[in-house]
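> You'll find structure29.tsv just under this line, and it carries TSV, C-alpha atoms and all ligand atoms.
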```tsv
chain	number	residue	atom	x	y	z
A	1	MET	CA	-8.14	88.70	53.02
A	2	PRO	CA	-7.22	89.30	56.66
A	3	LYS	CA	-8.73	86.64	58.89
A	4	HIS	CA	-9.02	88.85	61.95
A	5	VAL	CA	-9.60	92.62	61.84
A	6	ALA	CA	-9.47	94.69	65.05
A	7	VAL	CA	-10.75	98.27	65.04
A	8	ILE	CA	-10.56	101.30	67.31
A	9	MET	CA	-13.66	103.18	66.25
A	10	ASP	CA	-12.57	106.73	67.03
A	11	GLY	CA	-13.81	110.15	65.95
A	12	ASN	CA	-17.52	110.07	66.76
A	13	GLY	CA	-17.33	113.20	68.90
A	14	ARG	CA	-15.45	115.22	66.30
A	15	TRP	CA	-17.82	114.05	63.57
A	16	ALA	CA	-20.74	115.43	65.58
A	17	LYS	CA	-18.93	118.63	66.52
A	18	LYS	CA	-18.24	119.43	62.86
A	19	ARG	CA	-22.01	119.32	62.31
A	20	PHE	CA	-22.84	121.35	65.43
A	21	LEU	CA	-24.52	118.26	66.91
A	22	PRO	CA	-24.16	116.82	70.43
A	23	ARG	CA	-21.43	114.18	70.77
A	24	VAL	CA	-24.00	111.47	71.24
A	25	ALA	CA	-25.26	112.04	67.67
A	26	GLY	CA	-21.83	110.87	66.56
A	27	HIS	CA	-22.15	107.72	68.65
A	28	VAL	CA	-25.59	107.02	67.17
A	29	LYS	CA	-24.17	107.36	63.66
A	30	GLY	CA	-21.25	105.20	64.78
A	31	VAL	CA	-23.57	102.30	65.56
A	32	GLU	CA	-24.86	102.46	61.98
A	33	LEU	CA	-21.31	102.10	60.73
A	34	VAL	CA	-20.84	99.02	62.91
A	35	ARG	CA	-23.76	97.46	61.06
A	36	GLU	CA	-22.12	98.32	57.73
A	37	MET	CA	-18.79	96.93	58.87
A	38	VAL	CA	-20.36	93.62	59.95
A	39	ARG	CA	-22.06	93.32	56.57
A	40	ALA	CA	-18.78	94.07	54.80
A	41	CYS	CA	-16.95	91.38	56.80
A	42	LEU	CA	-19.64	88.81	55.99
A	43	GLU	CA	-19.39	89.66	52.29
A	44	ARG	CA	-15.59	89.56	52.23
A	45	GLY	CA	-15.19	86.43	54.30
A	46	VAL	CA	-13.35	88.10	57.21
A	47	GLN	CA	-13.76	85.54	59.99
A	48	TYR	CA	-13.16	87.67	63.11
A	49	LEU	CA	-14.11	91.30	63.67
A	50	THR	CA	-13.14	92.85	67.00
A	51	LEU	CA	-14.36	96.35	67.83
A	52	PHE	CA	-13.24	98.63	70.66
A	53	ALA	CA	-16.48	100.21	71.87
A	54	PHE	CA	-15.62	101.45	75.36
A	55	SER	CA	-12.25	101.48	77.06
A	56	SER	CA	-11.57	101.10	80.77
A	57	GLU	CA	-10.45	104.74	80.60
A	58	ASN	CA	-13.68	106.00	79.01
A	59	TRP	CA	-15.36	106.10	82.47
A	60	ARG	CA	-13.44	109.37	82.85
A	61	ARG	CA	-15.79	111.06	80.37
A	62	PRO	CA	-18.64	113.31	81.54
A	63	GLN	CA	-21.26	111.25	83.37
A	64	GLU	CA	-23.91	112.23	80.84
A	65	GLU	CA	-21.93	110.86	77.90
A	66	VAL	CA	-21.12	107.61	79.75
A	67	THR	CA	-24.81	107.12	80.53
A	68	LEU	CA	-25.81	107.74	76.92
A	69	LEU	CA	-23.17	105.32	75.68
A	70	MET	CA	-24.50	102.63	78.02
A	71	GLN	CA	-28.05	103.28	76.81
A	72	LEU	CA	-26.88	102.96	73.22
A	73	PHE	CA	-25.17	99.68	74.03
A	74	VAL	CA	-28.36	98.30	75.61
A	75	LYS	CA	-30.45	99.47	72.66
A	76	ALA	CA	-28.07	97.96	70.13
A	77	LEU	CA	-28.18	94.61	71.94
A	78	GLU	CA	-31.97	94.69	72.09
A	79	GLN	CA	-32.36	95.59	68.43
A	80	GLU	CA	-29.51	93.90	66.61
A	81	VAL	CA	-28.96	90.47	68.14
A	82	GLU	CA	-31.85	88.84	66.31
A	83	LYS	CA	-30.48	89.97	62.95
A	84	LEU	CA	-26.90	89.05	63.84
A	85	ASP	CA	-28.14	85.60	64.74
A	86	ARG	CA	-30.02	85.20	61.45
A	87	ASN	CA	-26.84	86.13	59.60
A	88	GLY	CA	-24.74	83.51	61.37
A	89	VAL	CA	-22.80	85.97	63.52
A	90	ARG	CA	-21.48	84.86	66.89
A	91	LEU	CA	-21.33	87.74	69.35
A	92	ARG	CA	-18.97	87.98	72.28
A	93	VAL	CA	-18.25	90.85	74.64
A	94	ILE	CA	-14.81	91.05	76.25
A	95	GLY	CA	-13.76	93.29	79.12
A	96	ASP	CA	-14.44	93.68	82.82
A	97	LEU	CA	-18.22	93.37	82.60
A	98	GLU	CA	-18.86	93.51	86.34
A	99	ARG	CA	-18.84	97.26	86.31
A	100	PHE	CA	-21.90	97.34	84.01
A	101	GLU	CA	-25.48	97.50	85.25
A	102	PRO	CA	-27.07	94.07	85.88
A	103	ARG	CA	-29.53	94.62	83.03
A	104	LEU	CA	-26.72	95.18	80.53
A	105	GLN	CA	-24.78	92.19	81.86
A	106	GLU	CA	-27.88	90.04	81.43
A	107	LEU	CA	-28.43	91.22	77.84
A	108	ILE	CA	-24.81	90.40	77.05
A	109	ARG	CA	-25.15	86.91	78.51
A	110	GLN	CA	-28.33	86.29	76.53
A	111	ALA	CA	-26.84	87.56	73.28
A	112	GLU	CA	-23.75	85.39	73.70
A	113	ALA	CA	-25.82	82.33	74.48
A	114	LYS	CA	-28.26	82.90	71.61
A	115	THR	CA	-25.49	83.23	69.02
A	116	ALA	CA	-23.07	80.68	70.49
A	117	SER	CA	-23.43	78.13	67.71
A	118	ASN	CA	-22.97	80.58	64.80
A	119	THR	CA	-19.85	80.26	62.70
A	120	ARG	CA	-19.96	82.71	59.76
A	121	LEU	CA	-18.42	85.64	61.61
A	122	ASP	CA	-17.05	86.06	65.12
A	123	LEU	CA	-17.97	89.57	66.23
A	124	THR	CA	-16.32	90.67	69.46
A	125	ILE	CA	-17.11	93.91	71.23
A	126	ALA	CA	-14.50	95.15	73.69
A	127	ALA	CA	-16.33	97.02	76.45
A	128	ASN	CA	-14.73	98.28	79.66
A	129	TYR	CA	-11.74	96.57	78.15
A	130	GLY	CA	-8.09	97.39	78.72
A	131	GLY	CA	-5.11	95.50	77.34
A	132	ARG	CA	-3.28	95.67	80.67
A	133	TRP	CA	-6.34	94.46	82.53
A	134	ASP	CA	-6.52	91.52	80.13
A	135	ILE	CA	-2.93	90.44	80.75
A	136	MET	CA	-3.44	90.85	84.49
A	137	GLN	CA	-6.69	88.87	84.68
A	138	ALA	CA	-5.16	86.14	82.51
A	139	THR	CA	-2.16	85.91	84.83
A	140	ASN	CA	-4.40	85.65	87.87
A	141	GLN	CA	-6.50	82.96	86.18
A	142	MET	CA	-3.45	81.00	85.13
A	143	LEU	CA	-1.94	81.09	88.62
A	144	ALA	CA	-5.23	80.06	90.20
A	145	ALA	CA	-5.52	77.10	87.82
A	146	GLN	CA	-1.86	76.13	87.96
A	147	PRO	CA	-0.22	77.44	91.15
A	148	GLU	CA	3.01	75.68	90.22
A	149	LYS	CA	3.48	78.27	87.41
A	150	ARG	CA	4.43	80.77	90.08
A	151	ALA	CA	7.95	79.40	89.74
A	152	GLY	CA	8.00	80.29	86.05
A	153	TRP	CA	5.68	80.31	83.05
A	154	GLN	CA	5.78	80.63	79.29
A	155	GLU	CA	3.72	82.55	76.75
A	156	CYS	CA	1.72	79.45	75.84
A	157	ASP	CA	0.69	79.01	79.51
A	158	LEU	CA	-0.89	82.45	79.60
A	159	GLU	CA	-2.53	82.54	76.19
A	160	PRO	CA	-5.51	80.25	76.95
A	161	HIS	CA	-6.58	82.68	79.69
A	162	LEU	CA	-6.54	85.88	77.61
A	163	SER	CA	-9.93	87.29	76.58
A	164	MET	CA	-9.34	86.59	72.88
A	165	SER	CA	-7.99	83.06	73.31
A	166	PHE	CA	-10.69	81.76	70.92
A	167	ALA	CA	-9.31	83.76	67.98
A	168	PRO	CA	-6.06	83.98	66.05
A	169	GLU	CA	-4.15	87.23	66.66
A	170	PRO	CA	-5.42	90.18	64.59
A	171	ASP	CA	-3.92	90.42	61.10
A	172	LEU	CA	-5.06	93.98	60.55
A	173	PHE	CA	-5.58	96.74	63.11
A	174	ILE	CA	-7.48	99.85	62.02
A	175	ARG	CA	-7.77	103.08	63.97
A	176	THR	CA	-9.98	105.81	62.55
A	177	GLY	CA	-10.04	109.42	63.71
A	178	GLY	CA	-6.41	110.36	63.05
A	179	GLU	CA	-4.87	109.42	66.40
A	180	GLU	CA	-1.93	107.06	66.07
A	181	ARG	CA	-1.95	105.15	69.33
A	182	ILE	CA	-3.20	101.87	70.79
A	183	SER	CA	-5.02	103.40	73.79
A	184	ASN	CA	-4.72	100.23	75.87
A	185	PHE	CA	-6.54	98.04	73.30
A	186	LEU	CA	-5.29	94.47	72.69
A	187	LEU	CA	-1.68	94.81	73.84
A	188	TRP	CA	-0.55	91.20	73.88
A	189	GLN	CA	-2.39	90.23	70.70
A	190	LEU	CA	-1.21	93.14	68.51
A	191	ALA	CA	2.46	92.15	68.78
A	192	TYR	CA	2.70	91.28	65.05
A	193	THR	CA	-0.44	92.89	63.66
A	194	GLU	CA	-0.28	95.22	60.65
A	195	LEU	CA	-1.30	98.69	61.83
A	196	TYR	CA	-3.43	101.03	59.70
A	197	PHE	CA	-4.25	104.57	60.79
A	198	THR	CA	-6.61	106.85	58.92
A	199	PRO	CA	-7.78	110.41	59.58
A	200	THR	CA	-11.28	109.39	58.46
A	201	LEU	CA	-13.67	109.72	61.39
A	202	TRP	CA	-15.48	106.51	62.38
A	203	PRO	CA	-18.96	107.68	61.23
A	204	ASP	CA	-17.44	108.29	57.77
A	205	PHE	CA	-15.60	104.95	57.62
A	206	ASP	CA	-17.69	103.28	54.93
A	207	THR	CA	-17.10	100.12	52.92
A	208	ALA	CA	-14.85	101.93	50.43
A	209	GLU	CA	-12.65	103.11	53.31
A	210	PHE	CA	-12.55	99.57	54.67
A	211	ASP	CA	-11.44	98.27	51.29
A	212	LYS	CA	-8.61	100.81	51.26
A	213	ALA	CA	-7.42	99.45	54.60
A	214	ILE	CA	-7.60	95.87	53.30
A	215	LEU	CA	-5.67	96.84	50.17
A	216	SER	CA	-2.96	98.46	52.28
A	217	PHE	CA	-2.76	95.25	54.32
A	218	GLN	CA	-2.52	93.10	51.18
A	219	GLN	CA	0.42	95.12	49.90
A	220	ARG	CA	2.55	94.51	52.97
A	221	GLU	CA	5.09	91.78	53.49
A	222	ARG	CA	4.68	90.09	56.85
A	223	ARG	CA	8.10	88.80	57.75
A	224	PHE	CA	7.69	87.82	61.43
A	225	GLY	CA	11.40	88.38	61.99
A	226	ARG	CA	12.57	86.57	58.86
A	227	THR	CA	14.23	88.14	55.81
A	228	SER	CA	12.40	88.91	52.61
A	229	GLU	CA	14.54	86.31	50.79
A	230	GLN	CA	13.50	83.58	53.20
A	231	LEU	CA	9.86	84.32	52.47
A	232	VAL	CA	10.42	84.06	48.72
A	233	GLU	CA	12.18	80.71	49.22
A	234	LYS	CA	9.34	79.45	51.40
A	235	ASN	CA	6.74	80.49	48.82
A	236	ASN	CA	8.64	78.72	46.05
A	237	ALA	CA	9.05	75.53	48.07
B	1	LIG	C1	-15.00	106.95	69.82
B	1	LIG	O1	-15.27	108.26	69.48
B	1	LIG	C2	-16.12	106.31	70.57
B	1	LIG	C3	-15.86	106.04	71.99
B	1	LIG	C4	-14.73	106.23	72.61
B	1	LIG	C5	-16.96	105.52	72.74
B	1	LIG	P1	-14.90	109.45	70.43
B	1	LIG	O2	-16.07	109.73	71.30
B	1	LIG	O3	-13.64	109.20	71.14
B	1	LIG	O4	-14.73	110.63	69.40
B	1	LIG	P2	-13.66	111.80	69.44
B	1	LIG	O5	-12.32	111.18	69.56
B	1	LIG	O6	-13.99	112.65	70.62
B	1	LIG	O7	-13.87	112.51	68.15
B	2	LIG	C1	-10.33	104.66	72.36
B	2	LIG	O1	-10.87	105.88	71.99
B	2	LIG	C2	-11.39	103.76	72.82
B	2	LIG	C3	-12.52	103.53	71.91
B	2	LIG	C4	-12.62	103.85	70.66
B	2	LIG	C5	-13.58	102.83	72.54
B	2	LIG	P1	-10.59	107.20	72.83
B	2	LIG	O2	-11.06	108.33	72.00
B	2	LIG	O3	-11.19	107.10	74.18
B	2	LIG	O4	-9.01	107.18	72.96
B	2	LIG	P2	-7.98	108.24	73.54
B	2	LIG	O5	-8.21	108.32	74.99
B	2	LIG	O6	-8.22	109.54	72.85
B	2	LIG	O7	-6.65	107.66	73.20
B	3	MG	MG	-11.67	109.64	70.75
```
Here is a file; write its structure as structure tokens.

Amino acid sequence: MPKHVAVIMDGNGRWAKKRFLPRVAGHVKGVELVREMVRACLERGVQYLTLFAFSSENWRRPQEEVTLLMQLFVKALEQEVEKLDRNGVRLRVIGDLERFEPRLQELIRQAEAKTASNTRLDLTIAANYGGRWDIMQATNQMLAAQPEKRAGWQECDLEPHLSMSFAPEPDLFIRTGGEERISNFLLWQLAYTELYFTPTLWPDFDTAEFDKAILSFQQRERRFGRTSEQLVEKNNA
């Protein structure tokens, strides 16, 4: 089982369009699939689930859609946190949260505090997140904390300041919706992640689709630069 699964939930708009519905109907359905995905991770013992909900580039969308997405986010926090908490899920939101309305920022803070001691599943929502922003904010934080690093620093100096420093790097990355790109999601952390792309639109990505992705992951050999023979030797040792 992958320990950490990171997902770009793409295809909500196209799912709605196919049904002659407004794009937002796809986002509403998409929230339902998040619920299903969380349940699936709890059942399968996936420890970390990280979901890309809103990128730093998504502000470029029509104002109306951005507003509706924000409203959906607020509603989801109001309605779901209690249940997440009961199920032992710890919720975190990563990204540049300052751009959100104070009410949304407050709900996020409350949800994180309420679920802070839960350990069954670490659910992380990336919102107004960008991989480049993350590396930049981490660098600024590191240099503020350790000005002497200006003269030179190493990967391990930066890592504690990245948004996902609490989690191991993703084992499996899933992007639904057919696009095969990273779209400024976790750039640093995906360096050695297994990538899985599927044309299935996010609102159609059910548990069976998730299991297909996990199976694909389980059939891969993760060599991390080594040769296949070295891995066999290590396993036999
Ligand atoms: C992903 O679905 C959800 C968000 C980016 C918020 P899209 O809205 O990008 O759906 P498509 O790609 O237009 O189908
Ligand atoms: C990426 O989806 C971000 C989220 C799913 C939140 P987009 O649909 O915005 O990605 P691009 O811009 O088409 O690559
Ligand atoms: Mg899209």
> Taking all atoms listed in the file into account, which of A:Phe54, A:Tyr196, A:Phe173, A:Trp153 comes nearest ligand MG 3 (chain B)?
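When distances to ligand MG 3 (chain B) are compared using all atoms listed in the file, the smallest one comes from A:Phe54.
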> Let me have all residues with an atom within 10 Å of ligand LIG 1 (chain B), counting only C-alpha atoms and all ligand atoms, laid out as a ChimeraX atom specification.
/A:8-18,23-24,26-27,30-31,52-55,57-59,61,65-66,69-70,127,176-179,201-203
> Quote the spacing between CA of Leu162 (chain A) and atom O1 of ligand LIG 2 (chain B) in Å to one decimal place.
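CA of Leu162 (chain A) sits 21.2 Å away from atom O1 of ligand LIG 2 (chain B).
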> Can you measure CA of Arg99 (chain A) to CA of Glu32 (chain A) for me? One decimal in Å is fine.
25.6 Å
> Choose the residue, out of A:Gly88, A:Gly130, A:Pro22, A:Pro102, that has the smallest atom-to-atom separation from ligand LIG 2 (chain B); count all atoms listed in the file.
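Closest to ligand LIG 2 (chain B), using all atoms listed in the file: A:Gly130.
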> With all atoms listed in the file as the basis for distance, which of A:Thr67, A:Gln137, A:Ser163, A:Ser183 is at the shortest distance from ligand LIG 2 (chain B)?
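Smallest distance to ligand LIG 2 (chain B) is found for A:Ser183.
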> Could you pull the residues within 7 Å of region 116-123 of chain A, counting all atoms listed in the file, minus those fewer than 6 positions along the same chain, as a list in words?
Leu42, Gln47, Tyr48, Leu49, Thr50, Gly88, Val89, Arg90, Leu91 and Arg92 of chain A
> What gap, in Å, lies between CA of Gly45 (chain A) and CA of Met1 (chain A)?
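According to the coordinates, CA of Gly45 (chain A) and CA of Met1 (chain A) are separated by 7.5 Å.
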> Give me the residues within 9 Å of Asp96 (chain A) as a PyMOL selection string, counting only C-alpha atoms and dropping any in the same chain fewer than 5 places off.
chain A and resi 56+127-130+133-134
> When distances are computed from all atoms listed in the file, which of A:Arg181, A:Lys83, A:Lys75, A:Lys234 shows the smallest separation from ligand MG 3 (chain B)?
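Closest to ligand MG 3 (chain B), using all atoms listed in the file: A:Arg181.
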